[in-house]
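Raw contents of my_file02.txt, compact mmCIF, C-alpha atoms:
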# COMPACT_ATOMS: atom_id res chain seq x y z
CA MET C 1 -56.76 102.20 108.70
CA ALA C 2 -54.70 103.50 111.58
CA CYS C 3 -53.82 99.94 112.52
CA PHE C 4 -52.69 99.16 108.94
CA ALA C 5 -50.53 102.29 108.86
CA LYS C 6 -48.99 101.36 112.16
CA GLN C 7 -48.12 97.90 110.89
CA TYR C 8 -46.74 99.34 107.65
CA TYR C 9 -44.40 101.74 109.45
CA ALA C 10 -43.31 99.00 111.82
CA SER C 11 -42.51 96.73 108.89
CA GLU C 12 -40.68 99.52 107.11
CA ALA C 13 -38.63 100.21 110.19
CA HIS C 14 -37.78 96.51 110.51
CA PHE C 15 -36.74 96.42 106.82
CA ILE C 16 -34.47 99.45 107.28
CA HIS C 17 -32.93 97.78 110.32
CA LEU C 18 -32.20 94.62 108.31
CA GLN C 19 -30.72 96.71 105.49
CA HIS C 20 -28.28 98.31 107.93
CA GLN C 21 -27.29 94.85 109.21
CA ILE C 22 -26.58 93.61 105.64
CA LEU C 23 -24.46 96.68 104.87
CA ALA C 24 -22.50 96.06 108.03
CA SER C 25 -21.84 92.44 107.06
CA LYS C 26 -20.69 93.56 103.60
CA SER C 27 -18.15 95.86 105.16
CA GLN C 28 -16.83 92.93 107.17
CA PHE C 29 -16.55 90.79 104.01
CA SER C 30 -14.83 93.61 102.11
CA SER C 31 -12.19 94.00 104.78
CA PHE C 32 -11.44 90.24 104.84
CA PRO C 33 -9.49 90.02 101.52
CA SER C 34 -7.33 93.03 102.38
CA LYS C 35 -6.41 91.46 105.68
CA LEU C 36 -5.69 88.15 103.97
CA THR C 37 -3.54 89.89 101.36
CA SER C 38 -1.53 91.73 103.97
CA LEU C 39 -1.10 88.53 105.94
CA LYS C 40 0.06 86.72 102.81
CA ASN C 41 2.57 89.39 101.95
CA SER C 42 3.95 89.71 105.45
CA ASN C 43 4.29 86.05 106.35
CA LYS C 44 4.16 84.06 103.09
CA ARG C 45 6.54 81.30 104.24
CA SER C 46 4.54 80.60 107.40
CA LEU C 47 1.35 80.28 105.37
CA LEU C 48 3.00 77.77 103.09
CA LEU C 49 3.89 75.62 106.06
CA GLN C 50 0.40 75.77 107.57
CA ARG C 51 -2.40 73.37 106.72
CA PRO C 52 -5.03 74.34 104.12
CA LEU C 53 -8.10 76.29 105.28
CA TYR C 54 -11.26 74.28 105.82
CA ILE C 55 -14.45 76.06 104.64
CA SER C 56 -17.75 74.35 105.23
CA SER C 57 -20.19 77.27 104.68
CA LEU C 58 -20.52 81.06 104.82
CA GLY C 59 -23.58 80.99 107.03
CA GLY C 60 -23.28 83.00 110.24
CA LEU C 61 -20.41 85.19 109.08
CA GLY C 62 -22.70 88.31 109.22
CA HIS C 63 -25.29 89.49 111.75
CA PHE C 64 -28.00 87.38 110.20
CA ASP C 65 -31.08 86.44 112.09
CA GLU C 66 -30.51 82.94 113.40
CA SER C 67 -33.58 82.82 115.61
CA LYS C 68 -35.51 79.69 116.33
CA ASN C 69 -38.37 80.72 114.03
CA SER C 70 -36.10 81.28 111.00
CA LYS C 71 -35.65 78.44 108.55
CA PRO C 72 -32.17 76.86 108.25
CA ARG C 73 -30.32 78.32 105.30
CA GLU C 74 -28.60 76.25 102.59
CA PRO C 75 -24.82 76.86 102.71
CA LEU C 76 -23.76 79.24 99.96
CA ILE C 77 -20.41 77.49 99.39
CA GLY C 78 -19.48 73.99 100.55
CA CYS C 79 -16.09 72.37 100.04
CA SER C 80 -13.89 69.80 101.67
CA ALA C 81 -10.17 69.10 101.28
CA TYR C 82 -7.56 66.70 102.59
CA GLU C 83 -4.56 68.03 104.39
CA ALA C 84 -1.47 68.44 102.26
CA HIS C 85 0.51 65.86 104.23
CA ARG C 86 -2.28 63.25 104.16
CA THR C 87 -1.61 60.61 101.50
CA GLN C 88 -4.20 58.38 99.92
CA PRO C 89 -2.97 54.83 99.29
CA ILE C 90 -3.33 53.44 95.78
CA SER C 91 -4.83 50.01 95.88
CA ILE C 92 -2.90 47.60 93.63
CA ASN C 93 -4.11 44.07 93.57
CA ILE C 94 -1.23 41.69 92.81
CA ASP C 95 -1.86 38.01 92.62
CA PHE C 96 1.12 36.71 94.54
CA ASP C 97 -0.02 33.14 94.04
CA GLU C 98 0.35 33.49 90.28
CA GLN C 99 3.83 35.00 90.68
CA ALA C 100 4.89 32.18 92.98
CA LYS C 101 3.60 29.61 90.53
CA ALA C 102 5.46 31.27 87.67
CA ALA C 103 8.71 31.39 89.69
CA THR C 104 8.35 27.73 90.65
CA ALA C 105 7.68 26.76 87.04
CA GLN C 106 10.78 28.71 85.93
CA LYS C 107 12.97 26.98 88.52
CA LEU C 108 11.57 23.61 87.48
CA LYS C 109 12.26 24.43 83.85
CA ILE C 110 15.88 25.35 84.61
CA GLY C 111 16.25 22.16 86.65
CA VAL C 112 15.03 20.10 83.71
CA TYR C 113 17.48 21.94 81.45
CA PHE C 114 20.35 21.15 83.79
CA ALA C 115 19.39 17.50 84.14
CA THR C 116 19.04 17.12 80.36
CA TRP C 117 22.31 18.94 79.74
CA TRP C 118 24.27 16.77 82.18
CA ALA C 119 22.65 13.54 81.01
CA LEU C 120 23.27 14.25 77.32
CA ASN C 121 26.87 15.31 77.96
CA VAL C 122 27.55 12.14 79.91
CA ILE C 123 25.90 10.00 77.22
CA PHE C 124 27.78 11.79 74.44
CA ASN C 125 31.18 11.43 76.08
CA ILE C 126 30.63 7.79 77.04
CA TYR C 127 29.36 6.70 73.64
CA ASN C 128 31.91 8.87 71.86
CA LYS C 129 34.65 7.03 73.74
CA LYS C 130 33.06 3.65 72.95
CA VAL C 131 32.92 4.54 69.26
CA LEU C 132 36.55 5.68 69.32
CA ASN C 133 37.61 2.46 71.04
CA ALA C 134 36.02 0.37 68.28
CA PHE C 135 36.48 2.88 65.43
CA PRO C 136 39.66 4.92 66.15
CA PHE C 137 39.15 7.64 63.56
CA PRO C 138 38.67 10.92 65.46
CA TRP C 139 38.51 13.09 62.33
CA LEU C 140 35.57 11.17 60.90
CA THR C 141 33.92 10.91 64.31
CA SER C 142 34.17 14.69 64.71
CA THR C 143 32.72 15.18 61.23
CA LEU C 144 29.79 12.85 61.89
CA SER C 145 28.92 14.54 65.19
CA LEU C 146 28.83 17.95 63.48
CA ALA C 147 26.77 16.48 60.64
CA ALA C 148 24.28 14.96 63.08
CA GLY C 149 23.79 18.26 64.89
CA SER C 150 23.45 20.19 61.64
CA LEU C 151 20.90 17.70 60.27
CA MET C 152 18.80 17.95 63.42
CA MET C 153 18.62 21.74 63.14
CA LEU C 154 17.81 21.64 59.42
CA ILE C 155 14.90 19.31 60.16
CA SER C 156 13.77 21.63 62.99
CA TRP C 157 13.81 24.63 60.65
CA ALA C 158 12.05 22.77 57.84
CA SER C 159 9.31 21.48 60.15
CA ARG C 160 9.01 24.91 61.85
CA ILE C 161 9.79 23.45 65.25
CA ALA C 162 12.39 26.20 65.50
CA GLU C 163 12.36 29.48 63.64
CA ALA C 164 15.07 29.67 60.99
CA PRO C 165 17.52 32.56 61.48
CA LYS C 166 17.78 35.44 59.05
CA THR C 167 21.40 35.63 57.90
CA ASP C 168 23.35 37.43 55.20
CA LEU C 169 26.83 37.25 53.72
CA GLU C 170 28.27 39.57 56.35
CA PHE C 171 27.06 37.23 59.09
CA TRP C 172 28.84 34.22 57.57
CA LYS C 173 32.01 36.25 57.06
CA ALA C 174 32.04 37.24 60.72
CA LEU C 175 31.25 33.67 61.74
CA PHE C 176 34.09 32.08 59.74
CA PRO C 177 36.99 32.69 62.23
CA VAL C 178 34.73 31.53 65.06
CA ALA C 179 33.89 28.34 63.15
CA LEU C 180 37.55 27.75 62.31
CA ALA C 181 38.58 27.91 65.96
CA HIS C 182 35.57 25.77 66.91
CA THR C 183 36.58 23.12 64.35
CA ILE C 184 40.16 22.93 65.67
CA GLY C 185 38.99 22.69 69.27
CA HIS C 186 36.39 20.04 68.46
CA VAL C 187 38.78 17.81 66.51
CA ALA C 188 41.61 18.22 69.05
CA ALA C 189 39.32 17.17 71.91
CA THR C 190 38.16 14.10 69.98
CA VAL C 191 41.77 13.18 69.14
CA SER C 192 42.65 13.50 72.83
CA MET C 193 39.71 11.32 73.84
CA SER C 194 40.79 8.63 71.37
CA LYS C 195 44.23 8.38 73.03
CA VAL C 196 43.54 8.80 76.76
CA ALA C 197 40.72 8.24 79.23
CA VAL C 198 37.67 10.49 79.08
CA SER C 199 38.29 11.59 82.66
CA PHE C 200 41.86 12.70 81.87
CA THR C 201 40.73 14.69 78.82
CA HIS C 202 38.16 16.57 80.90
CA ILE C 203 40.62 17.19 83.71
CA ILE C 204 43.00 18.86 81.25
CA LYS C 205 40.10 20.72 79.61
CA SER C 206 39.19 22.17 83.00
CA GLY C 207 42.33 24.30 82.57
CA GLU C 208 40.67 26.36 79.82
CA PRO C 209 40.21 29.43 82.10
CA ALA C 210 43.98 29.63 82.55
CA PHE C 211 44.45 29.81 78.77
CA SER C 212 41.71 32.43 78.57
CA VAL C 213 43.37 34.71 81.11
CA LEU C 214 46.87 34.28 79.69
CA VAL C 215 45.78 34.95 76.09
CA SER C 216 43.67 37.95 77.09
CA ARG C 217 46.49 39.37 79.21
CA PHE C 218 49.51 38.96 76.93
CA LEU C 219 47.90 39.14 73.46
CA LEU C 220 44.98 41.52 74.05
CA GLY C 221 46.42 43.55 76.94
CA GLU C 222 43.36 43.01 79.13
CA MET C 223 43.88 43.41 82.86
CA PHE C 224 42.25 41.24 85.52
CA PRO C 225 41.78 41.73 89.28
CA ALA C 226 43.96 39.80 91.70
CA PRO C 227 41.27 37.17 92.61
CA VAL C 228 41.20 36.03 88.97
CA TYR C 229 44.96 35.36 88.94
CA LEU C 230 44.75 33.63 92.32
CA SER C 231 42.02 31.31 91.03
CA LEU C 232 44.42 30.08 88.33
CA VAL C 233 46.80 28.60 90.91
CA PRO C 234 44.61 25.59 91.80
CA ILE C 235 43.67 25.11 88.13
CA ILE C 236 47.25 24.88 86.90
CA GLY C 237 48.44 22.97 89.96
CA GLY C 238 45.57 20.47 89.81
CA CYS C 239 46.00 19.82 86.07
CA ALA C 240 49.74 19.35 86.50
CA LEU C 241 49.24 16.96 89.42
CA ALA C 242 46.66 14.93 87.48
CA ALA C 243 48.90 14.75 84.40
CA VAL C 244 51.98 13.62 86.33
CA THR C 245 50.09 10.90 88.20
CA GLU C 246 48.03 9.63 85.22
CA LEU C 247 48.64 5.90 84.81
CA ASN C 248 47.72 5.76 81.11
CA PHE C 249 49.39 9.00 80.10
CA ASN C 250 49.70 9.66 76.38
CA MET C 251 51.45 12.73 74.94
CA THR C 252 49.13 12.93 71.89
CA GLY C 253 46.10 12.89 74.15
CA PHE C 254 47.59 15.49 76.47
CA VAL C 255 48.58 17.84 73.63
CA GLY C 256 45.20 17.39 71.98
CA ALA C 257 43.40 18.53 75.13
CA MET C 258 45.72 21.53 75.47
CA ILE C 259 45.19 22.55 71.82
CA SER C 260 41.44 22.21 72.35
CA ASN C 261 41.63 24.60 75.30
CA LEU C 262 43.58 27.17 73.31
CA ALA C 263 41.30 26.89 70.27
CA PHE C 264 38.14 27.36 72.31
CA VAL C 265 39.65 30.45 73.95
CA PHE C 266 40.19 32.02 70.53
CA ARG C 267 36.70 30.92 69.52
CA ASN C 268 35.25 32.90 72.41
CA ILE C 269 37.40 35.93 71.60
CA PHE C 270 36.42 35.90 67.92
CA SER C 271 32.78 35.44 68.88
CA LYS C 272 32.77 38.43 71.25
CA ARG C 273 34.50 40.72 68.79
CA GLY C 274 33.09 39.63 65.45
CA MET C 275 29.54 38.64 66.37
CA LYS C 276 28.64 41.64 68.53
CA GLY C 277 25.37 43.17 67.36
CA LYS C 278 24.35 40.18 65.25
CA SER C 279 20.70 39.17 65.52
CA VAL C 280 21.32 35.41 65.49
CA GLY C 281 21.79 33.91 68.93
CA GLY C 282 21.18 30.88 71.15
CA MET C 283 20.60 27.53 69.52
CA ASN C 284 20.41 28.99 66.00
CA TYR C 285 23.83 30.54 66.47
CA TYR C 286 25.29 27.21 67.53
CA ALA C 287 23.57 25.48 64.61
CA CYS C 288 25.09 27.92 62.11
CA LEU C 289 28.45 27.47 63.81
CA SER C 290 28.21 23.66 63.50
CA MET C 291 27.21 23.83 59.84
CA LEU C 292 30.09 26.09 58.89
CA SER C 293 32.49 23.95 60.95
CA LEU C 294 31.23 20.89 59.07
CA LEU C 295 32.08 22.53 55.75
CA ILE C 296 35.56 23.41 57.02
CA LEU C 297 36.27 20.02 58.58
CA THR C 298 35.05 17.64 55.84
CA PRO C 299 37.90 18.13 53.32
CA PHE C 300 40.53 17.91 56.08
CA ALA C 301 38.99 14.71 57.46
CA ILE C 302 39.10 13.15 53.98
CA ALA C 303 42.72 14.23 53.50
CA VAL C 304 43.95 13.04 56.91
CA GLU C 305 42.13 9.71 57.19
CA GLY C 306 40.36 9.05 53.90
CA PRO C 307 37.53 6.73 52.79
CA GLN C 308 39.75 3.64 52.47
CA MET C 309 40.81 3.79 56.11
CA TRP C 310 37.21 4.42 57.14
CA ALA C 311 35.96 1.38 55.24
CA ILE C 312 38.51 -0.90 56.87
CA GLY C 313 37.84 0.55 60.29
CA TRP C 314 34.06 0.26 59.82
CA GLN C 315 34.28 -3.44 58.97
CA SER C 316 36.41 -4.02 62.05
CA ALA C 317 34.01 -2.08 64.25
CA VAL C 318 30.90 -3.86 62.94
CA SER C 319 32.49 -7.23 63.50
CA GLN C 320 33.17 -6.29 67.14
CA ILE C 321 30.12 -4.38 68.41
CA GLY C 322 27.63 -4.08 65.53
CA PRO C 323 26.28 -0.85 64.02
CA ASN C 324 25.60 2.05 66.43
CA PHE C 325 24.39 5.59 65.92
CA VAL C 326 25.60 8.58 67.86
CA SER C 327 23.62 11.79 68.18
CA TYR C 328 24.57 15.14 69.64
CA MET C 329 22.50 17.87 71.21
CA SER C 330 23.47 21.15 72.82
CA LEU C 331 21.68 23.26 75.38
CA ASN C 332 22.29 26.99 75.85
CA GLU C 333 19.46 28.60 77.79
CA ILE C 334 21.07 29.72 81.04
CA SER C 335 22.61 32.87 82.48
CA PRO C 336 26.45 33.12 82.67
CA LEU C 337 26.63 32.62 86.45
CA THR C 338 24.27 29.65 86.41
CA PHE C 339 26.04 28.28 83.36
CA SER C 340 29.43 28.37 85.11
CA ILE C 341 28.09 26.38 88.05
CA GLY C 342 26.32 23.93 85.76
CA ASN C 343 29.37 23.52 83.56
CA THR C 344 31.51 22.64 86.58
CA MET C 345 28.97 20.09 87.78
CA LYS C 346 28.68 18.69 84.26
CA ARG C 347 32.43 18.14 84.05
CA ILE C 348 32.41 16.40 87.42
CA SER C 349 29.56 14.14 86.33
CA VAL C 350 31.38 13.23 83.09
CA ILE C 351 34.63 12.47 84.93
CA VAL C 352 32.97 10.36 87.62
CA SER C 353 30.67 8.46 85.26
CA SER C 354 33.48 7.71 82.79
CA ILE C 355 35.69 6.36 85.59
CA ILE C 356 32.86 4.10 86.76
CA ILE C 357 31.76 2.86 83.33
CA PHE C 358 35.22 2.30 81.84
CA GLN C 359 36.69 1.23 85.21
CA THR C 360 39.59 3.62 84.79
CA PRO C 361 42.26 3.04 87.46
CA VAL C 362 42.70 6.21 89.51
CA GLN C 363 45.25 6.81 92.23
CA PRO C 364 44.27 8.96 95.23
CA ILE C 365 46.85 11.61 94.28
CA ASN C 366 45.43 11.67 90.75
CA ALA C 367 41.91 12.14 92.10
CA LEU C 368 43.18 14.94 94.33
CA GLY C 369 44.72 16.73 91.36
CA ALA C 370 41.46 16.43 89.42
CA ALA C 371 39.47 17.78 92.36
CA ILE C 372 41.81 20.75 92.78
CA ALA C 373 41.65 21.58 89.07
CA VAL C 374 37.85 21.42 88.95
CA LEU C 375 37.60 23.50 92.14
CA GLY C 376 39.91 26.11 90.63
CA THR C 377 37.74 26.23 87.51
CA PHE C 378 34.68 26.79 89.65
CA LEU C 379 36.37 29.60 91.61
CA TYR C 380 37.49 31.25 88.39
CA SER C 381 33.97 31.13 86.96
CA GLN C 382 32.56 32.75 90.10
CA VAL C 383 35.13 35.57 90.11
CA ASN C 384 34.68 36.16 86.39
CA SER C 385 30.88 36.26 86.73
CA LYS C 386 31.09 38.87 89.50
CA LYS C 387 33.43 40.90 87.31
CA ALA C 388 30.94 40.79 84.44
CA VAL C 389 28.09 41.86 86.75
CA ALA C 390 30.19 44.77 88.04
CA ARG C 391 30.87 45.94 84.49
CA SER C 392 27.21 45.83 83.48
CA SER C 393 26.13 47.76 86.58
Translate this structure into structure tokens?
Amino acid sequence: MACFAKQYYASEAHFIHLQHQILASKSQFSSFPSKLTSLKNSNKRSLLLQRPLYISSLGGLGHFDESKNSKPREPLIGCSAYEAHRTQPISINIDFDEQAKAATAQKLKIGVYFATWWALNVIFNIYNKKVLNAFPFPWLTSTLSLAAGSLMMLISWASRIAEAPKTDLEFWKALFPVALAHTIGHVAATVSMSKVAVSFTHIIKSGEPAFSVLVSRFLLGEMFPAPVYLSLVPIIGGCALAAVTELNFNMTGFVGAMISNLAFVFRNIFSKRGMKGKSVGGMNYYACLSMLSLLILTPFAIAVEGPQMWAIGWQSAVSQIGPNFVSYMSLNEISPLTFSIGNTMKRISVIVSSIIIFQTPVQPINALGAAIAVLGTFLYSQVNSKKAVARSS
């Protein structure tokens, strides 16, 4: 009994000792927030610049018994955090091979477009000149080329190869001045080609940028930077040199090419002003333009040349070369900068191929004038493209 009482009092004394230790640890915990609050209030900016506090557990913060015989305690609170300045990379898997393949396919597609565009333009100009040599009726030839293009698009819409555009009366009203200028430019170019060599017509038509700048400056009041005006010097000088040295010069052919330049400048102006915001674009826009131009041109072609002249000319042409069919196709799928480069190369290919096929006599000074004019057109297109990019940005 005495032994049990002794053990009881010893245990009670040990319990009281532990209770005092726990109360002491509580006082330490209670003083910690006040110290933290005072530290936060006194030096808030320095705390913001320091790294976050790492807390793994609360074990050992009091005078707990951590003897060898005691069992390891489970941490009351466990947390982990990354430092504020430590960033975690976001893994994004991008298949660069697929992107490279898509870019290569796009470049190949544009290359095919360019090759097709140049080839069809060369074929059109060569066969158009052959038809005009055997059948010298430029008004009917212009009408038939517009009719062929319009028929092709109607068949494409009917067979759902191409989606038909959604148009209304307001669209056709806005398109009418564009189609009128397009008709004049198309007929004037064909008249020029019927009187002079294909190469000479295209050399004169390379002066279209000069007409564009002059009309925009003096009729519309639009200002251009100095490089644009400087690029006109080789254009005008080259065209003048080619015209003076042309062996088979014809005034009707020269005037026809100049009228074509002026008409196409007004076509572009009317298109920018009247067709802005219209939903029809690309090939469908050109198809609608050709159809409306066909309606405008047909009565004038009948009045100027007439069926009787066509019948006589057709009999003469069939007796010489036999029946031939001419088709026309247009391509418009390229950005303005790429288009300007391609258009320059197309004109060069037409000029060179027509000289070779028709064996057009060319003097060195005439070739120099053509080269200067085409180079000036290229420089103008580059300066104008940079100007357009600067405006959009």
Residues of range 96-214 of chain C that have any atom at most 9 Å from an atom of range 365-374 of chain C: could you tabulate them with the shortest-distance atom pair and the distance in Å to one decimal, using only C-alpha atoms, ordered by chain and increasing number, as CSV?
residue,atom,partner,partner_atom,distance
C:Ser199,CA,C:Ala370,CA,8.9
C:Phe200,CA,C:Ala370,CA,8.4
C:Ile203,CA,C:Ala370,CA,5.8
C:Ile204,CA,C:Ala373,CA,8.4
C:Ser206,CA,C:Val374,CA,6.1
C:Gly207,CA,C:Ala373,CA,7.1
Using only C-alpha atoms, tabulate the residues of range 161-233 of chain C lying at most 8 Å from any atom of range 291-304 of chain C, each with its closest atom pair and that distance in Å to one decimal, by chain and increasing residue number, as JSON lines.
{"residue": "C:Phe176", "atom": "CA", "partner": "C:Leu292", "partner_atom": "CA", "distance": 7.3}
{"residue": "C:Ala179", "atom": "CA", "partner": "C:Ser293", "partner_atom": "CA", "distance": 5.1}
{"residue": "C:Leu180", "atom": "CA", "partner": "C:Ser293", "partner_atom": "CA", "distance": 6.5}
{"residue": "C:His182", "atom": "CA", "partner": "C:Ser293", "partner_atom": "CA", "distance": 7.0}
{"residue": "C:Thr183", "atom": "CA", "partner": "C:Ser293", "partner_atom": "CA", "distance": 5.4}
Closest of C:Ser271, C:Asn125, C:Thr116, C:Thr245 to Ile357 in chain C - atom-to-atom distances counting only C-alpha atoms: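 Checking each of C:Ser271, C:Asn125, C:Thr116, C:Thr245 against Ile357 in chain C, counting only C-alpha atoms, the winner is C:Asn125.
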Separation of CA of Trp172 in chain C from CA of Glu305 in chain C, in Å and rounded to one decimal: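 We find that CA of Trp172 in chain C and CA of Glu305 in chain C lie 27.9 Å from each other.
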Pairwise distance for CA of Pro209 in chain C and CA of Ala188 in chain C, rounded to one decimal in Å: 17.3 Å
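The gap separating CA of Thr377 in chain C from CA of Ser231 in chain C is 7.5 Å, in Å to one decimal.
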Nearest candidate to Val352 in chain C (options C:Ala181, C:Ala197, C:Asn133, C:Ser260; using all atoms listed in the file):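 Using all atoms listed in the file, the shortest distance to Val352 in chain C belongs to C:Ala197.
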